[in-house]
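Student: Input input07.txt, format and content: compact mmCIF, C-alpha atoms.
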```txt
# COMPACT_ATOMS: atom_id res chain seq x y z
CA MET T 126 37.55 166.54 96.97
CA ASN T 127 38.20 165.55 100.60
CA GLU T 128 40.89 167.23 102.65
CA PRO T 129 44.30 165.59 102.10
CA ILE T 130 45.62 163.23 104.77
CA ARG T 131 47.93 165.19 107.07
CA MET T 132 51.02 163.09 107.56
CA PHE T 133 54.20 163.09 109.63
CA ILE T 134 57.40 161.12 109.01
CA ALA T 135 60.01 160.11 111.60
CA ASP T 136 63.14 158.32 110.38
CA ASP T 137 66.79 158.86 111.24
CA ASN T 138 67.85 158.17 107.65
CA ARG T 139 67.72 161.56 106.01
CA LEU T 140 67.63 160.27 102.44
CA LEU T 141 64.71 158.02 103.20
CA ARG T 142 62.88 160.63 105.26
CA GLU T 143 63.22 163.40 102.70
CA GLY T 144 62.74 161.08 99.75
CA LEU T 145 59.57 159.53 101.16
CA ALA T 146 58.22 162.97 102.07
CA SER T 147 58.81 164.16 98.54
CA MET T 148 57.21 161.06 96.99
CA LEU T 149 54.22 161.14 99.35
CA GLU T 150 53.68 164.81 98.49
CA GLN T 151 53.13 163.70 94.90
CA GLN T 152 50.00 161.84 96.01
CA GLN T 153 46.98 164.09 95.58
CA ASP T 154 45.37 162.97 98.82
CA ILE T 155 48.42 163.20 101.10
CA ILE T 156 50.26 166.18 102.53
CA VAL T 157 53.39 165.81 104.67
CA ILE T 158 53.23 168.43 107.41
CA GLY T 159 56.43 167.58 109.24
CA ALA T 160 59.35 165.23 109.71
CA ALA T 161 61.80 164.30 112.43
CA ALA T 162 65.09 162.41 112.72
CA SER T 163 64.62 161.04 116.25
CA GLY T 164 61.91 159.71 118.53
CA SER T 165 61.96 162.66 120.96
CA GLU T 166 61.87 165.20 118.16
CA ALA T 167 58.97 163.31 116.59
CA LEU T 168 56.95 163.38 119.81
CA GLU T 169 57.53 167.10 120.28
CA GLN T 170 56.55 167.98 116.74
CA ILE T 171 53.57 165.63 116.57
CA LYS T 172 52.13 167.21 119.72
CA ASP T 173 52.29 170.60 118.00
CA LEU T 174 51.34 169.63 114.47
CA ARG T 175 48.65 167.02 115.24
CA PRO T 176 48.95 164.95 112.04
CA GLU T 177 46.30 162.35 111.24
CA VAL T 178 48.84 159.67 110.32
CA ALA T 179 52.42 159.30 111.58
CA LEU T 180 54.94 157.05 109.85
CA ILE T 181 57.47 156.04 112.50
CA ASP T 182 60.72 154.15 111.88
CA ILE T 183 61.07 151.34 114.40
CA GLY T 184 64.79 151.84 115.08
CA MET T 185 65.51 155.47 115.84
CA PRO T 186 68.10 156.89 118.21
CA ASP T 187 66.97 157.95 121.72
CA LYS T 188 63.35 156.69 121.56
CA ASP T 189 62.51 153.77 119.29
CA GLY T 190 59.34 153.43 117.24
CA ILE T 191 57.55 151.32 119.85
CA GLU T 192 58.17 153.85 122.65
CA VAL T 193 56.99 156.70 120.42
CA THR T 194 53.87 154.73 119.48
CA GLN T 195 53.08 153.96 123.14
CA THR T 196 53.34 157.63 124.10
CA LEU T 197 51.25 158.75 121.14
CA HIS T 198 48.62 156.10 121.76
CA GLN T 199 48.33 157.29 125.36
CA ASP T 200 48.52 161.06 124.82
CA LEU T 201 47.17 161.51 121.30
CA PRO T 202 45.12 158.44 120.41
CA GLU T 203 43.63 160.19 117.39
CA VAL T 204 47.03 160.05 115.64
CA LYS T 205 47.20 156.80 113.67
CA VAL T 206 50.68 155.32 113.76
CA ILE T 207 52.26 153.22 111.02
CA ILE T 208 55.52 151.53 111.98
CA LEU T 209 58.23 151.26 109.33
CA GLY T 210 60.01 148.02 110.20
CA MET T 211 63.14 146.36 108.93
CA VAL T 212 62.27 142.70 109.41
CA ASP T 213 59.20 140.51 109.39
CA LEU T 214 59.42 139.40 113.03
CA THR T 215 56.10 138.35 114.48
CA ASP T 216 57.05 139.31 118.03
CA GLU T 217 58.11 142.74 116.88
CA ILE T 218 54.85 143.25 115.01
CA MET T 219 52.91 142.05 118.08
CA ALA T 220 54.83 144.58 120.22
CA CYS T 221 53.88 147.34 117.78
CA ILE T 222 50.22 146.34 117.85
CA GLU T 223 50.27 146.23 121.66
CA ALA T 224 51.85 149.68 121.69
CA GLY T 225 48.90 150.94 119.64
CA ALA T 226 50.15 150.95 116.06
CA ALA T 227 47.45 150.85 113.39
CA GLY T 228 49.75 149.63 110.65
CA TYR T 229 53.09 147.96 110.03
CA VAL T 230 55.00 148.14 106.77
CA LEU T 231 58.36 146.67 105.93
CA LYS T 232 61.16 148.67 104.37
CA GLU T 233 61.45 145.69 102.05
CA GLY T 234 57.91 146.45 100.90
CA SER T 235 57.03 148.77 98.05
CA PHE T 236 56.21 152.45 98.16
CA GLU T 237 52.83 151.58 96.69
CA ARG T 238 52.08 149.37 99.68
CA LEU T 239 53.09 152.17 102.02
CA VAL T 240 50.66 154.57 100.35
CA GLU T 241 47.92 151.94 100.52
CA THR T 242 48.62 151.53 104.25
CA VAL T 243 48.45 155.28 104.86
CA ARG T 244 45.02 155.42 103.22
CA SER T 245 43.78 152.35 105.09
CA VAL T 246 44.76 153.51 108.56
CA HIS T 247 43.37 156.96 107.81
CA ARG T 248 40.02 155.29 107.10
CA GLY T 249 40.25 153.75 110.58
CA GLU T 250 41.38 150.31 109.49
CA SER T 251 44.35 148.38 110.82
CA PHE T 252 46.77 147.23 108.20
CA CYS T 253 49.68 144.91 107.68
CA SER T 254 50.70 142.90 104.64
CA PRO T 255 49.02 139.55 103.86
CA GLU T 256 52.35 137.77 104.48
CA MET T 257 52.56 139.24 107.96
CA THR T 258 48.89 138.53 108.65
CA ALA T 259 49.49 134.78 108.34
CA SER T 260 52.32 134.76 110.87
CA LEU T 261 50.35 137.03 113.17
CA PHE T 262 47.38 134.68 113.20
CA SER T 263 49.68 131.75 114.10
CA ARG T 264 51.14 133.74 116.98
CA ILE T 265 47.70 134.79 118.21
CA ALA T 266 46.59 131.16 118.12
CA GLU T 267 49.64 130.18 120.18
CA LEU T 268 48.92 132.88 122.72
CA ALA T 269 45.27 131.88 122.91
CA GLY T 270 46.38 128.31 123.64
CA GLU T 271 48.68 129.50 126.42
CA ARG T 272 45.95 131.57 128.02
CA MET T 273 43.20 128.93 127.87
CA PRO T 274 42.72 127.49 131.38
CA GLU T 275 43.42 123.79 131.33
CA ILE T 276 40.68 121.64 132.78
CA PRO T 277 42.22 119.04 135.10
CA LYS T 278 41.45 115.81 133.32
CA SER T 279 41.31 113.94 136.61
CA SER T 280 38.10 115.80 137.41
CA ILE T 281 36.42 114.50 134.26
CA LYS T 282 34.14 111.54 134.82
CA LEU T 283 33.04 109.37 131.94
CA THR T 284 29.85 107.38 132.46
CA GLY T 285 29.93 103.60 132.39
CA ARG T 286 28.39 103.59 128.93
CA GLU T 287 30.93 106.08 127.64
CA LEU T 288 33.80 103.99 129.03
CA GLU T 289 32.30 100.95 127.37
CA ILE T 290 32.23 102.81 124.04
CA VAL T 291 35.82 104.03 124.40
CA ASN T 292 36.85 100.41 125.02
CA LEU T 293 35.04 99.28 121.88
CA ILE T 294 36.66 102.07 119.86
CA ALA T 295 40.00 100.84 121.21
CA GLU T 296 39.14 97.39 119.86
CA GLY T 297 38.88 99.00 116.46
CA LEU T 298 35.10 98.89 116.07
CA SER T 299 33.25 101.42 113.94
CA ASN T 300 30.18 103.29 115.23
CA LYS T 301 27.95 100.87 113.35
CA GLU T 302 29.70 97.84 114.84
CA ILE T 303 29.52 99.33 118.35
CA ALA T 304 25.81 99.97 117.85
CA HIS T 305 25.33 96.35 116.78
CA ARG T 306 27.34 95.07 119.74
CA LEU T 307 25.44 97.19 122.31
CA PHE T 308 22.00 96.81 120.67
CA ILE T 309 21.59 100.56 120.26
CA ALA T 310 21.16 102.88 117.29
CA THR T 311 24.23 104.12 115.38
CA GLN T 312 23.08 107.70 116.03
CA THR T 313 23.13 106.98 119.77
CA VAL T 314 26.75 105.80 119.49
CA LYS T 315 27.59 108.95 117.58
CA ASN T 316 26.00 111.02 120.35
CA HIS T 317 28.06 109.19 122.98
CA VAL T 318 31.28 109.70 121.01
CA HIS T 319 30.45 113.36 120.59
CA ASN T 320 29.88 113.72 124.35
CA ILE T 321 33.13 111.88 125.17
CA LEU T 322 35.19 114.14 122.91
CA ASP T 323 33.40 117.18 124.24
CA LYS T 324 34.00 116.23 127.89
CA LEU T 325 37.66 115.46 127.29
CA GLN T 326 38.15 118.44 124.96
CA LEU T 327 39.62 116.15 122.33
CA LEU T 328 39.17 116.11 118.59
CA THR T 329 39.42 112.49 117.48
CA ARG T 330 38.36 109.01 118.55
CA LEU T 331 42.02 108.04 118.54
CA GLU T 332 42.80 110.76 121.09
CA ALA T 333 39.98 109.43 123.30
CA VAL T 334 41.50 105.93 123.20
CA GLN T 335 44.93 107.37 123.99
CA TYR T 336 43.41 109.28 126.92
CA ALA T 337 41.76 106.12 128.29
CA ARG T 338 44.92 104.06 127.81
CA GLU T 339 47.08 106.57 129.72
CA ARG T 340 44.65 106.37 132.67
CA ASP T 341 44.22 102.59 132.68
CA LEU T 342 40.59 102.90 131.72
CA LEU T 343 40.78 100.23 129.06
CA LYS T 344 39.80 96.70 129.96
CA ASN T 345 42.63 94.30 129.31
CA LYS T 346 41.11 91.58 127.18
CA ASN T 347 43.82 89.15 128.24
CA THR T 348 42.99 89.36 131.93
CA MET P 203 72.76 167.60 77.48
CA GLN P 204 74.93 164.81 78.78
CA THR P 205 73.13 162.13 80.69
CA ILE P 206 74.72 160.48 83.68
CA LYS P 207 73.87 156.79 83.69
CA VAL P 208 73.17 155.32 87.10
CA LEU P 209 72.91 151.72 88.25
CA LEU P 210 71.20 150.96 91.58
CA ALA P 211 72.20 148.15 93.91
CA SER P 212 70.57 149.26 97.09
CA ARG P 213 68.41 147.76 99.74
CA PRO P 214 65.89 147.80 101.40
CA LYS P 215 63.38 148.03 98.58
CA ILE P 216 61.75 151.22 99.77
CA LEU P 217 65.13 153.01 99.86
CA SER P 218 65.84 151.70 96.38
CA GLU P 219 62.51 153.09 95.13
CA VAL P 220 63.25 156.45 96.73
CA LEU P 221 66.73 156.52 95.13
CA ARG P 222 65.28 155.66 91.73
CA THR P 223 62.65 158.39 91.98
CA MET P 224 65.08 161.03 93.16
CA VAL P 225 67.66 160.19 90.45
CA GLU P 226 65.03 160.09 87.70
CA ARG P 227 63.83 163.52 88.70
CA GLN P 228 67.21 164.95 87.75
CA PRO P 229 67.17 166.17 84.13
CA ASP P 230 70.79 165.12 83.61
CA MET P 231 70.57 161.63 85.13
CA GLU P 232 68.84 158.39 84.33
CA VAL P 233 68.57 155.02 86.03
CA GLU P 234 69.90 152.39 83.63
CA GLY P 235 69.03 149.43 85.78
CA GLU P 236 68.89 147.82 89.16
CA VAL P 237 70.53 144.75 90.65
CA LEU P 238 69.27 143.00 93.75
CA ASP P 239 72.54 141.42 94.79
CA PRO P 240 75.71 143.55 94.77
CA ILE P 241 77.66 140.44 93.71
CA ASP P 242 75.94 140.71 90.32
CA LEU P 243 77.39 144.18 89.85
CA LEU P 244 80.63 142.87 88.34
CA PHE P 245 78.75 141.18 85.52
CA VAL P 246 76.10 143.85 85.05
CA VAL P 247 78.56 146.75 84.86
CA ARG P 248 80.55 144.83 82.26
CA ALA P 249 77.43 144.42 80.13
CA MET P 250 75.76 147.72 80.86
CA PRO P 251 78.07 150.74 80.69
CA VAL P 252 77.17 153.18 83.46
CA ASP P 253 78.84 156.18 85.05
CA VAL P 254 77.64 155.74 88.62
CA VAL P 255 76.71 152.83 90.84
CA ILE P 256 74.76 153.45 94.05
CA VAL P 257 75.23 150.70 96.62
CA THR P 258 73.95 150.11 100.16
CA PRO P 259 76.76 148.64 102.24
CA LEU P 260 76.06 146.26 105.10
CA GLU P 261 78.07 148.44 107.47
CA ALA P 262 77.33 152.16 107.26
CA ASN P 263 80.90 153.43 107.13
CA GLN P 264 82.59 150.45 105.58
CA GLU P 265 83.71 150.33 101.98
CA PRO P 266 81.98 147.42 100.26
CA LYS P 267 84.56 144.92 99.02
CA ILE P 268 83.09 145.08 95.57
CA CYS P 269 84.22 148.70 95.20
CA SER P 270 87.87 147.87 94.61
CA HIS P 271 87.00 145.14 92.08
CA LEU P 272 84.66 147.42 90.16
CA LEU P 273 87.06 150.35 90.14
CA ALA P 274 89.94 148.15 89.02
CA ASP P 275 87.93 146.97 86.01
CA HIS P 276 86.19 150.30 85.31
CA PRO P 277 88.40 153.21 86.38
CA HIS P 278 85.92 155.79 85.05
CA LEU P 279 83.22 154.54 87.43
CA LYS P 280 81.95 156.45 90.47
CA ILE P 281 80.53 154.43 93.31
CA VAL P 282 78.26 156.05 95.85
CA THR P 283 77.47 154.14 99.04
CA VAL P 284 74.44 155.13 101.10
CA SER P 285 73.63 153.47 104.39
CA ALA P 286 70.19 152.08 105.10
CA LYS P 287 70.46 153.31 108.70
CA GLY P 288 71.82 156.67 109.80
CA ASN P 289 73.17 159.22 107.41
CA ALA P 290 76.45 157.90 106.08
CA ALA P 291 77.32 158.25 102.41
CA CYS P 292 80.59 158.11 100.48
CA LEU P 293 81.76 158.52 96.92
CA TYR P 294 84.57 156.25 95.75
CA GLN P 295 86.70 156.74 92.64
CA SER P 296 89.65 154.90 91.17
CA GLY P 297 93.03 155.63 92.65
CA GLY P 298 91.74 155.17 96.19
CA ASP P 299 89.85 158.46 96.15
CA LYS P 300 87.13 158.56 98.77
CA LYS P 301 84.87 161.49 99.55
CA ARG P 302 82.71 161.34 102.65
CA LEU P 303 79.37 163.09 102.09
CA ASP P 304 78.39 164.70 105.35
CA GLU P 305 74.80 164.35 106.46
CA ALA P 306 74.06 162.42 103.26
CA SER P 307 71.53 164.85 101.84
CA TRP P 308 70.15 164.52 98.32
CA GLN P 309 71.85 167.77 97.43
CA SER P 310 75.27 166.59 98.62
CA ILE P 311 75.01 163.22 96.87
CA LEU P 312 73.72 164.51 93.55
CA GLY P 313 76.19 167.40 93.66
CA ALA P 314 79.12 165.07 94.33
CA ILE P 315 78.07 162.81 91.45
CA ARG P 316 77.94 165.74 89.02
CA GLU P 317 81.23 167.15 90.24
CA SER P 318 83.06 163.84 89.86
CA ILE P 319 81.61 163.21 86.40
CA ASN P 320 82.70 166.69 85.31
CA GLN P 321 86.22 165.87 86.45
CA ASN P 322 86.04 162.78 84.26
CA HIS P 323 85.18 164.92 81.27
CA LYS P 324 88.24 167.03 81.83
CA GLY P 325 90.61 164.16 81.40
CA LYS P 326 89.37 160.71 82.15
CA LYS P 327 87.19 158.31 80.23
CA SER P 328 83.43 158.46 80.78
CA TRP P 329 80.55 156.48 79.40
CA SER P 330 78.33 159.57 79.34
CA LYS P 331 77.01 160.47 75.94
```
Give the structure from this file in structure tokens form.

Tutor:
Amino acid sequence: MNEPIRMFIADDNRLLREGLASMLEQQQDIIVIGAAASGSEALEQIKDLRPEVALIDIGMPDKDGIEVTQTLHQDLPEVKVIILGMVDLTDEIMACIEAGAAGYVLKEGSFERLVETVRSVHRGESFCSPEMTASLFSRIAELAGERMPEIPKSSIKLTGRELEIVNLIAEGLSNKEIAHRLFIATQTVKNHVHNILDKLQLLTRLEAVQYARERDLLKNKNT
Amino acid sequence: MQTIKVLLASRPKILSEVLRTMVERQPDMEVEGEVLDPIDLLFVVRAMPVDVVIVTPLEANQEPKICSHLLADHPHLKIVTVSAKGNAACLYQSGGDKKRLDEASWQSILGAIRESINQNHKGKKSWSK
């Protein structure tokens, strides 16, 4: 059998700390080599004991879980940190990940999930619950959107043909009808529409019409 | 051997699981049940005779309001409060008795439960078999 996972627990709640240590010790593949009631004490002991996995409560006196994780990630990156959090707050989870945590489990989660997380991070995986993963992905998508450099739309030039097609879309014509009107193949219209959306970084024909309308690019049929 | 019947009403879930495991490891104690919302305690204790209720109060050192209601209806009952943060724990009994359990260790909590139940046996009513 493989060597048991050497684990450390830091939580200011004595009942939880000692109870979890005792329950984790019952797992054949886990051994708890130390525990601490504060962030500073945890850092001191972890530097001496060198556990493979450290379970760190997010809200401890003196140094909180994020500070402890940052220090460990910098000084002892081989120690995998799992944060024990109270609430499912995306920003808090993001802060833990940025600090270098490999896992995040909620105190509202089960002991079974905690054990599963310990094993996962020990294998080198990052772990958080499926519920948290969904909110994390949303937040990451938001951040990606904020970081994406916006192309100034004024610098985008549509060709005469493309403008003509946008105008016909605005009239409500389908690709087939546009093709018929312009004496070109439907596939050619599709290619033009594709290029227009690509240039303007838009997703739909309707957005392209809206874009043209806002910039007075549509011919007024009444004039 | 007399068995001390315990009802859990504690949160968060992981603390509740730890409490259950630690109580069940005691040869003279058993967990009779668990309620998610302390408000349900009034009804559950009426239907399920227990000796001890373990509750997690919202404020570490504050007596949960439900304590006085429970003790008024069930004077034999012992209520232990354990905080989810820090190390505060208390044992409440009828007659306004309150015992603060310093450092809230397993030993101090389990010891206080046994001691108070033994006092019950000497004079007061208990549900223990």

Student: Counting only C-alpha atoms, what is within 12 Å of Arg316 in chain P, bar same-chain residues fewer than 3 positions away, as an NGL selection string?

Tutor: :P and (204-208 or 225 or 228-231 or 253-254 or 280 or 282 or 293 or 309-313 or 319-323 or 330)

Student: Applying 10 Å and only C-alpha atoms, which residues near Val220 in chain P remain after dropping the ones on its own chain fewer than 6 positions away? List them as a list of chain:residue names.

Tutor: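 The neighbour list is T:Leu140, T:Leu141, T:Arg142, T:Glu143, T:Gly144, T:Leu145, T:Ala146, T:Ser147, T:Met148, T:Ser235, T:Phe236, P:Glu226.
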
Student: Edge lengths and centre in Å to one decimal, as JSON, of the axis-aligned box that encloses all listed atoms of range 236-245 of chain P with 4 Å added on every side?

Tutor:
```
{"center_x": 74.8, "center_y": 144.1, "center_z": 90.2, "size_x": 19.7, "size_y": 15.4, "size_z": 17.3}
```

Student: Would you kindly report the residues of chain T within 12 Å of chain P, using all atoms listed in the file, as a PDB file with C-alpha atoms, keeping the file's coordinate frame?

Tutor:
```pdb
ATOM      1  CA  ASP T 136      63.140 158.320 110.380  1.00  0.00           C
ATOM      2  CA  ASP T 137      66.790 158.860 111.240  1.00  0.00           C
ATOM      3  CA  ASN T 138      67.850 158.170 107.650  1.00  0.00           C
ATOM      4  CA  ARG T 139      67.720 161.560 106.010  1.00  0.00           C
ATOM      5  CA  LEU T 140      67.630 160.270 102.440  1.00  0.00           C
ATOM      6  CA  LEU T 141      64.710 158.020 103.200  1.00  0.00           C
ATOM      7  CA  ARG T 142      62.880 160.630 105.260  1.00  0.00           C
ATOM      8  CA  GLU T 143      63.220 163.400 102.700  1.00  0.00           C
ATOM      9  CA  GLY T 144      62.740 161.080  99.750  1.00  0.00           C
ATOM     10  CA  LEU T 145      59.570 159.530 101.160  1.00  0.00           C
ATOM     11  CA  ALA T 146      58.220 162.970 102.070  1.00  0.00           C
ATOM     12  CA  SER T 147      58.810 164.160  98.540  1.00  0.00           C
ATOM     13  CA  MET T 148      57.210 161.060  96.990  1.00  0.00           C
ATOM     14  CA  LEU T 149      54.220 161.140  99.350  1.00  0.00           C
ATOM     15  CA  GLN T 151      53.130 163.700  94.900  1.00  0.00           C
ATOM     16  CA  ALA T 162      65.090 162.410 112.720  1.00  0.00           C
ATOM     17  CA  SER T 163      64.620 161.040 116.250  1.00  0.00           C
ATOM     18  CA  ASP T 182      60.720 154.150 111.880  1.00  0.00           C
ATOM     19  CA  ILE T 183      61.070 151.340 114.400  1.00  0.00           C
ATOM     20  CA  GLY T 184      64.790 151.840 115.080  1.00  0.00           C
ATOM     21  CA  MET T 185      65.510 155.470 115.840  1.00  0.00           C
ATOM     22  CA  PRO T 186      68.100 156.890 118.210  1.00  0.00           C
ATOM     23  CA  LEU T 209      58.230 151.260 109.330  1.00  0.00           C
ATOM     24  CA  GLY T 210      60.010 148.020 110.200  1.00  0.00           C
ATOM     25  CA  MET T 211      63.140 146.360 108.930  1.00  0.00           C
ATOM     26  CA  VAL T 212      62.270 142.700 109.410  1.00  0.00           C
ATOM     27  CA  VAL T 230      55.000 148.140 106.770  1.00  0.00           C
ATOM     28  CA  LEU T 231      58.360 146.670 105.930  1.00  0.00           C
ATOM     29  CA  LYS T 232      61.160 148.670 104.370  1.00  0.00           C
ATOM     30  CA  GLU T 233      61.450 145.690 102.050  1.00  0.00           C
ATOM     31  CA  GLY T 234      57.910 146.450 100.900  1.00  0.00           C
ATOM     32  CA  SER T 235      57.030 148.770  98.050  1.00  0.00           C
ATOM     33  CA  PHE T 236      56.210 152.450  98.160  1.00  0.00           C
ATOM     34  CA  GLU T 237      52.830 151.580  96.690  1.00  0.00           C
ATOM     35  CA  ARG T 238      52.080 149.370  99.680  1.00  0.00           C
ATOM     36  CA  LEU T 239      53.090 152.170 102.020  1.00  0.00           C
ATOM     37  CA  VAL T 240      50.660 154.570 100.350  1.00  0.00           C
TER      38      VAL T 240
END
```

Student: What is the CA of Tyr229 in chain T to CA of Arg227 in chain P distance in Å?

Tutor: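 One can read the CA of Tyr229 in chain T to CA of Arg227 in chain P distance as 28.5 Å.
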